[in-house]
Amino acid sequence: MLEHRPRRFRFREDPRTRPLDARAIDDLQFIRQTMERSAAFTAVPGWGMVAVGITALPAAWLASRYAFDLRWLEIWLCEAVLAVSLAIIAIQSKAARGGLPWTSGPGRKVALSLLPPFTAAALLTVPLFRSNLESVLPGVWMLLYGVGVLSGGAYSVSVIPVMGLCFMAVGAAALFAQGAANSLMAAGFGGLHIGFGVWIARRFGG
């Protein structure tokens, strides 16, 4: 004969029967996640941006002594590594001072917006240099940098998209005035970073 076993019923927990402190923690987590998704990324380091701009000026002066050769490319690649390192350190420092998780919420959206155009600039550098089209690199770099800043700025303070548009304008000028490419690189990566960095530092605290 078959043995009849009693059925076990699983009851779903009614949220109203949960302890008050557990519900409060869930509500706070929901509010925090909602605020992170909707907030602007305010850990843009103004003084860090100034430091990045200052390093671009001697790089532009040194690179102007070479006519778009391998040494010229090496100078700007070293400057790019230095600038990215300074920017990351400055962002981490400002985010830590403000108690903001720069790797989540708006910070992650900014990073994901910057990554595609920056990657495209890096990938285009190799074939353009090998094809003896080095003179177009300054324009390409600044245009794609401006695109990244413009798209990432949609999740940051309102002045960042303006800086992106300025970089795109200087990059377009460099494409049509290749003889002044190093001067325009100094004006873009140097002057624009310094000018907007000072404004951000004064307006948004460092």
# chains A, B, ... in the order shown; residues from 1 in each chain; ligands from 1
>>> residues_around(residues="A:Phe176", least_positions_apart="2", cutoff="12 Å", atoms="only C-alpha atoms", output="PDB file with C-alpha atoms, in the first residue's frame")
ATOM      1  CA  SER A 135      49.654  64.710 -38.708  1.00  0.00           C
ATOM      2  CA  VAL A 136      45.953  63.854 -38.334  1.00  0.00           C
ATOM      3  CA  LEU A 137      46.444  62.227 -34.930  1.00  0.00           C
ATOM      4  CA  PRO A 138      46.130  65.450 -32.877  1.00  0.00           C
ATOM      5  CA  GLY A 139      42.781  66.205 -34.475  1.00  0.00           C
ATOM      6  CA  VAL A 140      41.549  62.624 -34.085  1.00  0.00           C
ATOM      7  CA  ALA A 169      36.124  72.342 -31.890  1.00  0.00           C
ATOM      8  CA  VAL A 170      39.881  72.420 -31.245  1.00  0.00           C
ATOM      9  CA  GLY A 171      40.204  68.910 -32.663  1.00  0.00           C
ATOM     10  CA  ALA A 172      38.381  69.915 -35.842  1.00  0.00           C
ATOM     11  CA  ALA A 173      40.698  72.917 -36.177  1.00  0.00           C
ATOM     12  CA  ALA A 174      43.722  70.622 -35.813  1.00  0.00           C
ATOM     13  CA  GLN A 178      47.952  70.427 -39.211  1.00  0.00           C
ATOM     14  CA  GLY A 179      50.927  72.773 -39.172  1.00  0.00           C
ATOM     15  CA  ALA A 180      49.681  74.177 -35.865  1.00  0.00           C
ATOM     16  CA  ALA A 181      48.769  70.775 -34.420  1.00  0.00           C
ATOM     17  CA  LEU A 184      46.422  73.301 -30.718  1.00  0.00           C
TER      18      LEU A 184
END
>>> closest_residue(among="A:Leu175, A:Gly53, A:Ser183, A:Thr125", to="A:Arg65", atoms="only C-alpha atoms")
A:Ser183
>>> select_by_dssp(residues="stretch 26-200 of chain A", states="helix (DSSP H, G or I)", output="PyMOL selection string")
chain A and resi 26-38+46-63+70-98+106-130+134-155+159-176+178-200
>>> atom_distance(atom1="atom CA of A:Ala187", atom2="atom CA of A:Ile54")
10.9 Å
>>> closest_residue(among="A:Trp199, A:Ala96, A:His193, A:Trp72", to="A:Val159", atoms="only C-alpha atoms")
A:Trp199
>>> residues_around(residues="A:Phe68", least_positions_apart="5", cutoff="9 Å", atoms="only C-alpha atoms", output="list in words")
Ala63, Leu73, Phe129, Leu133, Glu134 and Ser135 of chain A
>>> residues_around(residues="A:Gly46", least_positions_apart="5", cutoff="7 Å", atoms="only C-alpha atoms", output="list in words")
Gly197, Val198, Ile200, Ala201 and Gly206 of chain A
>>> closest_residue(among="A:Phe204, A:Trp47, A:Trp141, A:Phe167", to="A:Leu192", atoms="only C-alpha atoms")
A:Phe167
>>> closest_residue(among="A:Ile91, A:Gly148, A:Ser113, A:Leu70", to="A:Met49", atoms="only C-alpha atoms")
A:Ile91
